[in-house]
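J.: I'd like to ask you about the structure that follows.
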Amino acid sequence: MAQHKSFSSSSVSNRPISLLNGLLLLVSLLLLLGVFLPWAGSPLFPFPNVSSSSSSLPSNWRDYSLSQAAEFVAKDGTVIICAVSYPFLPFLNNWLISVSRQKHQHKVLVIAEDYATLYKVNKKWPGHAVLIPPVLDSQTAHKFGSPGFFNFTSRRPQHLLQLLELGYNVMYNDVDMVWLQDPFQYLEGSHDAYFTDDRTTIKPLNHSHALPTPDRNGVTYICSCMIFLRPTNGAKLLMKQWIKELQSGSKAYEGNDQPAFNWALNKTAHQVDLYLLSQAAFPTGGLYFKNETWVEETKGKHVIVHNNYIIGYDNKMKRFQDFGLWLVDDHALESPLGKLD
């Protein structure tokens, strides 16, 4: 009996120690989680768990403002934006895969041009899409040259200006592009605005970074589909002039906002610090997809490829497929949107 009683007393006396050890283990586990969960955006977690930072997100995406969205996605004061209507979601996903491969997807904000896009993107990737009214007809907005397409693209400088006024660096891309390298390493210096030339005429590798000289008709052919802007007075002036040119109602701009961008560049060139990006790094589709000799000579230098100089949704997709740049079929899981239904 004495032995039995002694055993029982020892067991009881050890229980507080076991309980204390359990509590210490629990506290240690909580501390460990507290240290490592914020690193969920590391390479081990390619797309961050937004639950810890989603308290600032609205319960209704219709109430989500551009300023809220920019604050949510911005990294190092920079936002990457694209404007997308629902039919172009596969191209958005293709572009996002290429951006994710360069580790810049966290900065992306999708300007949804219809509610279907707004809800689809935010369901898959909360906080990374915003809609700025009015809502456009998504079925006509993707047809190049149509009034719907013009209404779609003509809002671009307004979105860019708003973000500049909020104090962000802004990169704009069309989603018929694919990133092959990190473009940010090519944004040399501290210029107001960076852009690409849409001409197919081959330039020397060490070409000037100044705004090209207009042709005999007084026209330049700068592309409005890949732009980087710093929140400077010069960049804001350029966007305001672009908006002014679009609002002038010129028939020459019908279905295309690019001529207005070129007029804005030429009219403000003496007031804005402009920088023409390398043609080899940022080739137009009319060069990259049509000049095999040039592509071979500049191999390894290409950074962003633009699938322009071709009209039609299906034609663009097929050309990407033919050149091994249609990524969504085999690599959808590399996109923060994953596979689209």
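Following the order of the structure tokens, chains are lettered A, B, ..., residues in each are numbered from 1, and ligands are numbered from 1.
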Using DSSP secondary structure from the backbone, list all helix (DSSP H, G or I) positions within region 250-341 of chain A, as a ChimeraX atom specification.
T.: /A:251-253,258-268,285-288,292-297,313-322,328-334
J.: Those same residues - C-alpha atoms - I'd like them written as an mmCIF file, in the first residue's frame.
T.:
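Final output, saved to part_21.cif:
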```cif
data_model
loop_
_atom_site.group_PDB
_atom_site.id
_atom_site.type_symbol
_atom_site.label_atom_id
_atom_site.label_comp_id
_atom_site.auth_asym_id
_atom_site.auth_seq_id
_atom_site.Cartn_x
_atom_site.Cartn_y
_atom_site.Cartn_z
ATOM 1 C CA LYS A 251 -11.761 61.520 -86.395
ATOM 2 C CA ALA A 252 -8.140 60.420 -86.797
ATOM 3 C CA TYR A 253 -8.343 58.851 -83.350
ATOM 4 C CA GLN A 258 -2.267 55.768 -79.936
ATOM 5 C CA PRO A 259 -2.207 58.775 -82.309
ATOM 6 C CA ALA A 260 -3.400 60.966 -79.432
ATOM 7 C CA PHE A 261 -0.561 59.644 -77.260
ATOM 8 C CA ASN A 262 1.959 60.536 -79.959
ATOM 9 C CA TRP A 263 0.594 64.055 -80.333
ATOM 10 C CA ALA A 264 0.773 64.451 -76.557
ATOM 11 C CA LEU A 265 4.392 63.292 -76.535
ATOM 12 C CA ASN A 266 5.393 65.719 -79.280
ATOM 13 C CA LYS A 267 3.546 68.658 -77.744
ATOM 14 C CA THR A 268 5.071 68.162 -74.284
ATOM 15 C CA GLY A 285 5.270 42.429 -82.940
ATOM 16 C CA GLY A 286 5.874 43.532 -86.512
ATOM 17 C CA LEU A 287 9.579 42.962 -85.928
ATOM 18 C CA TYR A 288 9.729 40.063 -83.467
ATOM 19 C CA GLU A 292 13.692 35.882 -88.145
ATOM 20 C CA THR A 293 17.136 37.239 -88.976
ATOM 21 C CA TRP A 294 16.781 40.160 -86.557
ATOM 22 C CA VAL A 295 15.392 37.887 -83.831
ATOM 23 C CA GLU A 296 18.401 35.583 -84.160
ATOM 24 C CA GLU A 297 20.847 38.514 -84.148
ATOM 25 C CA TYR A 313 -8.412 37.422 -80.920
ATOM 26 C CA ASP A 314 -7.943 33.966 -82.447
ATOM 27 C CA ASN A 315 -5.090 35.152 -84.657
ATOM 28 C CA LYS A 316 -3.214 36.557 -81.669
ATOM 29 C CA MET A 317 -3.669 33.348 -79.726
ATOM 30 C CA LYS A 318 -2.499 31.187 -82.639
ATOM 31 C CA ARG A 319 0.609 33.299 -83.155
ATOM 32 C CA PHE A 320 1.508 32.988 -79.483
ATOM 33 C CA GLN A 321 0.989 29.224 -79.793
ATOM 34 C CA ASP A 322 3.127 29.024 -82.935
ATOM 35 C CA VAL A 328 -1.792 28.913 -70.131
ATOM 36 C CA ASP A 329 -2.384 25.436 -71.502
ATOM 37 C CA ASP A 330 0.587 23.886 -69.680
ATOM 38 C CA HIS A 331 1.537 26.406 -67.007
ATOM 39 C CA ALA A 332 -1.731 27.840 -65.649
ATOM 40 C CA LEU A 333 -0.770 27.002 -62.070
ATOM 41 C CA GLU A 334 2.093 29.516 -62.337
#
```
J.: So which residues touch Pro58 (chain A) within 12 Å, counting only C-alpha atoms, skipping near sequence neighbours fewer than 5 positions away, as a PyMOL selection string?
T.: chain A and resi 53+63-65+68-69+72+122+126-127+130
J.: Could you pull out all residues of region 136-276 of chain A with a DSSP call of strand (DSSP E) and give them as a list in words?
T.: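 Taking region 136-276 of chain A and keeping strand (DSSP E) only, one gets Asn169, Val170, Met171, Tyr172, Asn173, Met177, Val178, Trp179, Ala193, Tyr194, Phe195, Thr196, Asp197, Ile222, Cys223, Ser224, Cys225, Met226, Ile227, Phe228, Leu229, Leu274, Tyr275 and Leu276 of chain A.
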J.: Do you know which residues are at most 9 Å from Phe195 (chain A) counting only C-alpha atoms, after dropping those on the same chain fewer than 3 positions away, and could you put them as a list in words?
T.: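 Everything that qualifies: Ile222, Cys223, Ser224, Cys225, Met226, Ile227, Phe228, Leu274, Tyr275, Leu276 and Leu277 of chain A.
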J.: May I ask which of the residues A:Phe91, A:Trp61, A:Phe282, A:Tyr119 is the closest one to Trp179 (chain A), counting only C-alpha atoms?
T.: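 Comparing A:Phe91, A:Trp61, A:Phe282, A:Tyr119 against Trp179 (chain A), the winner is A:Phe282.
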J.: Suppose you want the space between CA of His207 (chain A) and CA of Asp176 (chain A); what is it in Å?
T.: 25.7 Å
J.: Given only C-alpha atoms as the basis, pick out the residue of A:Leu246, A:Val121, A:Leu166, A:Ile310 nearest to Pro231 (chain A).
T.: A:Leu166
J.: Using only C-alpha atoms, pick whichever of A:Thr201, A:Ser98, A:Ser208, A:Thr78 has the shortest atom-to-atom distance to Tyr172 (chain A).
T.: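 When distances to Tyr172 (chain A) are compared using only C-alpha atoms, the smallest one comes from A:Thr78.
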J.: Applying 12 Å and only C-alpha atoms, which residues near Pro133 (chain A) remain after dropping the ones on its own chain fewer than 3 positions away? List them as a ChimeraX atom specification.
T.: /A:62-66,111-115,118,130,136-137,152,155,158-159
J.: Please save N, CA and C atoms of the selected residues as a PDB file, in the first residue's frame.
T.:
```pdb
ATOM      1  N   ARG A  62     -17.841  46.135 -55.535  1.00  0.00           N
ATOM      2  CA  ARG A  62     -18.299  47.369 -56.199  1.00  0.00           C
ATOM      3  C   ARG A  62     -17.877  48.608 -55.407  1.00  0.00           C
ATOM      4  N   ASP A  63     -17.609  48.425 -54.122  1.00  0.00           N
ATOM      5  CA  ASP A  63     -17.208  49.544 -53.269  1.00  0.00           C
ATOM      6  C   ASP A  63     -15.704  49.738 -53.216  1.00  0.00           C
ATOM      7  N   TYR A  64     -14.967  48.900 -53.910  1.00  0.00           N
ATOM      8  CA  TYR A  64     -13.503  48.925 -53.888  1.00  0.00           C
ATOM      9  C   TYR A  64     -13.007  50.064 -54.774  1.00  0.00           C
ATOM     10  N   SER A  65     -12.248  50.987 -54.216  1.00  0.00           N
ATOM     11  CA  SER A  65     -11.801  52.159 -54.972  1.00  0.00           C
ATOM     12  C   SER A  65     -10.391  51.945 -55.515  1.00  0.00           C
ATOM     13  N   LEU A  66     -10.021  52.770 -56.483  1.00  0.00           N
ATOM     14  CA  LEU A  66      -8.685  52.682 -57.066  1.00  0.00           C
ATOM     15  C   LEU A  66      -7.621  52.960 -56.009  1.00  0.00           C
ATOM     16  N   ILE A 111      -7.384  46.450 -63.988  1.00  0.00           N
ATOM     17  CA  ILE A 111      -8.506  47.378 -64.145  1.00  0.00           C
ATOM     18  C   ILE A 111      -9.584  46.628 -64.907  1.00  0.00           C
ATOM     19  N   ALA A 112     -10.599  46.168 -64.183  1.00  0.00           N
ATOM     20  CA  ALA A 112     -11.680  45.390 -64.799  1.00  0.00           C
ATOM     21  C   ALA A 112     -12.625  46.333 -65.521  1.00  0.00           C
ATOM     22  N   GLU A 113     -12.944  46.000 -66.756  1.00  0.00           N
ATOM     23  CA  GLU A 113     -13.831  46.851 -67.538  1.00  0.00           C
ATOM     24  C   GLU A 113     -15.274  46.355 -67.517  1.00  0.00           C
ATOM     25  N   ASP A 114     -15.543  45.314 -66.744  1.00  0.00           N
ATOM     26  CA  ASP A 114     -16.916  44.822 -66.578  1.00  0.00           C
ATOM     27  C   ASP A 114     -16.971  44.073 -65.245  1.00  0.00           C
ATOM     28  N   TYR A 115     -18.182  43.886 -64.733  1.00  0.00           N
ATOM     29  CA  TYR A 115     -18.335  43.263 -63.416  1.00  0.00           C
ATOM     30  C   TYR A 115     -17.954  41.787 -63.438  1.00  0.00           C
ATOM     31  N   LEU A 118     -14.320  41.773 -62.791  1.00  0.00           N
ATOM     32  CA  LEU A 118     -14.074  42.207 -61.405  1.00  0.00           C
ATOM     33  C   LEU A 118     -14.259  41.050 -60.432  1.00  0.00           C
ATOM     34  N   VAL A 130     -10.034  45.964 -59.762  1.00  0.00           N
ATOM     35  CA  VAL A 130     -10.898  47.080 -59.388  1.00  0.00           C
ATOM     36  C   VAL A 130     -11.648  47.533 -60.626  1.00  0.00           C
ATOM     37  N   LEU A 136     -18.270  49.136 -69.346  1.00  0.00           N
ATOM     38  CA  LEU A 136     -18.317  49.050 -70.801  1.00  0.00           C
ATOM     39  C   LEU A 136     -18.950  47.736 -71.250  1.00  0.00           C
ATOM     40  N   ASP A 137     -19.322  47.680 -72.512  1.00  0.00           N
ATOM     41  CA  ASP A 137     -19.841  46.453 -73.111  1.00  0.00           C
ATOM     42  C   ASP A 137     -18.662  45.541 -73.399  1.00  0.00           C
ATOM     43  N   PHE A 152     -12.711  51.685 -74.559  1.00  0.00           N
ATOM     44  CA  PHE A 152     -11.928  50.864 -73.634  1.00  0.00           C
ATOM     45  C   PHE A 152     -10.529  51.452 -73.446  1.00  0.00           C
ATOM     46  N   ARG A 155      -9.693  55.320 -71.908  1.00  0.00           N
ATOM     47  CA  ARG A 155      -9.712  55.583 -70.469  1.00  0.00           C
ATOM     48  C   ARG A 155      -8.336  55.354 -69.830  1.00  0.00           C
ATOM     49  N   GLN A 158      -6.536  58.282 -68.098  1.00  0.00           N
ATOM     50  CA  GLN A 158      -7.237  58.699 -66.881  1.00  0.00           C
ATOM     51  C   GLN A 158      -6.842  57.812 -65.705  1.00  0.00           C
ATOM     52  N   HIS A 159      -6.794  56.496 -65.945  1.00  0.00           N
ATOM     53  CA  HIS A 159      -6.370  55.573 -64.892  1.00  0.00           C
ATOM     54  C   HIS A 159      -4.931  55.877 -64.468  1.00  0.00           C
TER      55      HIS A 159
END
```
J.: Pick out the closest residue to Ile132 (chain A) from this set: A:Gln279, A:Thr213, A:Asn60, A:Gln162. Count only C-alpha atoms.
T.: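 Answer, going by the shortest atom-to-atom distance: A:Gln162.
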J.: Take CA of Leu337 (chain A) and CA of Lys124 (chain A) and report the distance between them in Å, one decimal.
T.: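 Between CA of Leu337 (chain A) and CA of Lys124 (chain A) the gap works out to 5.4 Å.
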J.: Pick the closest to Asn233 (chain A) from A:Gln181, A:Gln102, A:Gln271, A:Leu131: which is it, counting only C-alpha atoms?
T.: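 The shortest atom-to-atom distance to Asn233 (chain A) comes from A:Gln271.
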J.: So that I can check the surroundings of Pro90 (chain A), please list as a PDB file with N, CA and C atoms, in the first residue's frame every protein, DNA and RNA residue that reaches within 9 Å of it, counting only C-alpha atoms and ignoring chain neighbours fewer than 4 positions away.
T.:
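around.pdb, freshly written:
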```pdb
ATOM      1  N   TYR A  86     -13.858  40.849 -70.046  1.00  0.00           N
ATOM      2  CA  TYR A  86     -14.011  39.420 -69.776  1.00  0.00           C
ATOM      3  C   TYR A  86     -13.497  38.501 -70.894  1.00  0.00           C
ATOM      4  N   ASN A  94      -2.273  34.437 -69.375  1.00  0.00           N
ATOM      5  CA  ASN A  94      -1.018  34.174 -70.079  1.00  0.00           C
ATOM      6  C   ASN A  94       0.043  35.200 -69.691  1.00  0.00           C
ATOM      7  N   TRP A  95      -0.352  36.464 -69.701  1.00  0.00           N
ATOM      8  CA  TRP A  95       0.553  37.551 -69.312  1.00  0.00           C
ATOM      9  C   TRP A  95       0.990  37.399 -67.858  1.00  0.00           C
ATOM     10  N   VAL A 328      -0.713  29.300 -71.037  1.00  0.00           N
ATOM     11  CA  VAL A 328      -1.792  28.913 -70.131  1.00  0.00           C
ATOM     12  C   VAL A 328      -2.185  27.441 -70.229  1.00  0.00           C
ATOM     13  N   LEU A 340      -8.518  28.862 -65.313  1.00  0.00           N
ATOM     14  CA  LEU A 340      -9.808  29.545 -65.430  1.00  0.00           C
ATOM     15  C   LEU A 340     -10.851  28.574 -65.955  1.00  0.00           C
TER      16      LEU A 340
END
```
J.: What separation in Å, quoted to one decimal, exists between CA of Gly312 (chain A) and CA of Lys120 (chain A)?
T.: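 Calculated distance between CA of Gly312 (chain A) and CA of Lys120 (chain A) is 23.6 Å.
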